[in-house]
Structure formats: C-alpha cells, structure tokens
Amino acid sequence: MAGEGAPTWEELARSHGRFLYTVAYRLTGNREDAEDLVQEVLLRVRRGLETYQPGSMEGWLSRIATNAFLDDVRRRRRRPEGRLPEDPDWVLPPAGGADEALATEVLPDDVQAAIQRLPEDFRAAVVLCDVVGLSYQEIGKSLGIPVGTVRSRIHRGRALLREVLTRP
Amino acid sequence: MSTAAHPGDLLSALLDGELTAREEEDVRAHLETCADCQRELRLVTEGRASLRDLPPVDPPFGFYERLVRPRHRWARAGVAALAAGAAASVGIMALAAPREATVAPHVAQLVDAHTASASTSGDPISEITPAAAPVSWNR
C-alpha cells in the first residue's frame with residue numbers, strides 16, 4: 001500500500017502529468033524512453049513501492065523518476081564504465097571551445113542533446129536541481145548520496161553541459 | 001593562488017545559494033583575484049541558465065488516458081459482453097417474433113367505436129360547450 005494520504009495515480013496524471021513527463025524526457029532524451037519511464041513511475045506509485053511522504057508532490061515524483069531511471073541505467077549497463085563520476089580524481093575535460101560565447105539563443109533540442117552526453121549520475125543531479133528545482137539536501141536524500149557529492153555532480157554536470165554546447 | 005584553494009564545486013553552490021555565509025565570503029574573496037575561477041563561474045552560470053530555460057514537454061495526446069485504460073479492461077470487457085448479449089437478444093427476438101407481410105388495421109371498426117363513445121349527448125360539459133365551437137386564444 002502507498003503511504004497514508006497518497007494520491008491515486010489518476011490524480012497524479014491529471015495534476016502533474018506534464019511535469020512528470022518533462023522530467024522523464026529530460027532524463028531519457030527521447031519520447032519512447034520517457035513514456036516507459038513515466039509508466040514505470042506510475043507502476044511504482046500504484047504498487048506502493050515508494051512511500052509517499054506528504055510534502056512536495058513534484059519532489060516526490062521526481063525522486064521516484066530519477067531512481068527508476070538510474071535503476072534502468074544500471075540494469076542495462078553491460079560493462080562497467082571508466083571511473084565513477086564521483087571519483088575525486090575525475091577532472092573536467094579540457095575546455096576546448098568553452099570560452100566561445102554561446103549562441104544568442106540555444107535551442108532546447110541542443111541543450112537536450114547536451115544533457116544526453118552527461119554521465120547519468122550527473123544528469124540526474126542537474127535535472128533534479130535545474131529542471132525540478134530541488135535543494136542540494138533534497139537531491140542528496142533522493143539519490144542517497146552526501147550533499148558534497150551532490151554539489152560536485154551539479155557543478156561538473158553544468159560545466160560539462162556548457163562545454164558540450166560549444167562543440168561543433 | 002594554489003589550485004587547492006580554488007573553490008571548484010562551491011561556485012555552483014554559490015549560484016544556488018547553498019553556501020554558508022562564511023563559505024560565500026571566502027568564495028567571493030577568491031573570485032575577486034582569480035581569473036580562472038571567474039571564467040569557470042561564467043561557464044557554469046551559462047550551463048545552469050541553459051538548463052533552467054528549458055521549456056516543459058507535453059506528453060503525446062491521450063498518453064495518460066492510454067495508461068489508465070488497462071486498469072479497467074475487465075470492467076470494460078464485462079460491459080462489452082453485456083452489450084453484446086443484449087444486442088444478440090434483440091436480434092433473436094426480432095427473428096423469433098411472428099411477422100406479417102402487411103399491417104391491416106380494421107379502420108372502419110375503429111371509427112365506429114370512436115363515434116359511439118364520442119357522442120356529446122348525455123355529457124353535461126359537452127352540452128354547454130359544443131365541441132365544434134371556435135376558440136379564440138387572444139381573449
């Protein structure tokens with residue numbers, strides 16, 4: 001059973017459907033995967049796998065969405081990647097053309113493409129911070145990581161994204 | 001200034017208001033003299049703005065309705081079965097009902113019966129107001 005006072009998923013779909021879809025799309029980068037992710041979130045809500053805690057509904061949904069997304073990423077991962085993003089030795093790549101000014105108007109599709117090039121753990125952190133608007137503490141709680149790691153992922157995620165946006 | 005002293009991750013935290021007063025003071029003091037960190041702050045500021053300016057994304061039309069639908073499939077199947085049964089019953093009744101090639105009501109007999117029962121004689125109300133009297137609705 002979901003937590004006391006948890007809304008039905010029909011209510012969620014009605015009130016927060018667009019928000020949830022947006023988060024799913026920003027995380028996955030394409031409509032098909034976004035739809036699968038939304039479906040997985042709603043299944044988790046319905047099965048009560050996530051305990052509802054009264055508070056920010058959007059924070060709660062985005063926490064479920066990012067965890068479902070990262071679960072899926074780990075499941076699909078066939079081989080371990082290089083160093084983990086939170087590795088303290090990991091450094092930003094050379095900032096190639098980063099000093100070039102961004103185009104006057106960066107198209108959302110370009111930004112989305114750049115998001116796709118971020119490591120998934122970074123992606124989850126910047127989406128929770130800059131798309132959802134959660135605090136570092138909320139993000140740490142959502143992802144089960146210390147605030148220091150949240151800070152690192154957000155900073156490096158933004159820097160990488162900015163770097164990618166200026167590459168040809 | 002040594003590399004270790006660069007605030008690094010704290011620059012994004014500065015933008016997000018996630019530093020303590022003391023940390024913020026230190027970071028701002030460092031920024032005043034470090035061109036590298038000023039540049040890094042500019043880059044993450046732009047990266048942050050690009051993310052925050054992204055518009056919401058609408059789900060495909062009917063997406064959530066399609067997700068909701070499977071939950072009610074048994075109820076819908078039941079209704080469909082009932083509807084099909086009802087339609088079949090109507091069909092069977094229609095086939096089984098006695099049919100005549102033509103409908104021939106006994107009109108003359110009905111007119112006679114009506115004439116007999118519609119007589120004004122013996123009816124006090126009809127005697128006061130003849131049935132054929134013109135009626136004006138504009139009085």
# chains A, B, ... in the order shown; residues from 1 in each chain; ligands from 1
>>> closest_atom_pairs(of="chain A", to="chain B", cutoff="8 Å", atoms="only C-alpha atoms", output="CSV")
residue,atom,partner,partner_atom,distance
A:Glu10,CA,B:Val68,CA,7.2
A:Ala13,CA,B:Tyr64,CA,6.4
A:Gly17,CA,B:Tyr64,CA,7.6
A:Arg18,CA,B:Asp58,CA,5.7
A:Phe19,CA,B:Pro56,CA,7.1
A:Tyr21,CA,B:Pro59,CA,6.0
A:Thr22,CA,B:Val57,CA,4.8
A:Tyr25,CA,B:Val57,CA,7.4
A:Gln39,CA,B:Leu67,CA,7.3
A:Ala98,CA,B:Leu43,CA,7.4
A:Asp99,CA,B:Leu43,CA,7.9
A:Val106,CA,B:Ser50,CA,7.3
A:Pro108,CA,B:Leu54,CA,5.8
A:Val111,CA,B:Ser50,CA,6.7
A:Val127,CA,B:Leu51,CA,7.9
A:Asp130,CA,B:Arg52,CA,5.3
A:Val131,CA,B:Arg52,CA,5.9
A:Tyr136,CA,B:Glu18,CA,7.3
A:Arg151,CA,B:Asp9,CA,6.0
A:Ser152,CA,B:Asp9,CA,5.3
A:Ile154,CA,B:Ser12,CA,7.2
A:His155,CA,B:Ser12,CA,5.3
A:Arg156,CA,B:Asp9,CA,7.5
A:Arg158,CA,B:Gly47,CA,4.9
A:Ala159,CA,B:Val44,CA,5.0
A:Leu161,CA,B:Gly47,CA,5.9
A:Arg162,CA,B:Gly47,CA,4.6
>>> residues_around(residues="Asp26 of chain B", least_positions_apart="6", cutoff="12 Å", atoms="only C-alpha atoms", output="count of residues only")
10
>>> atom_distance(atom1="atom CA of Gly144 of chain A", atom2="atom CA of Ala125 of chain A")
11.4 Å
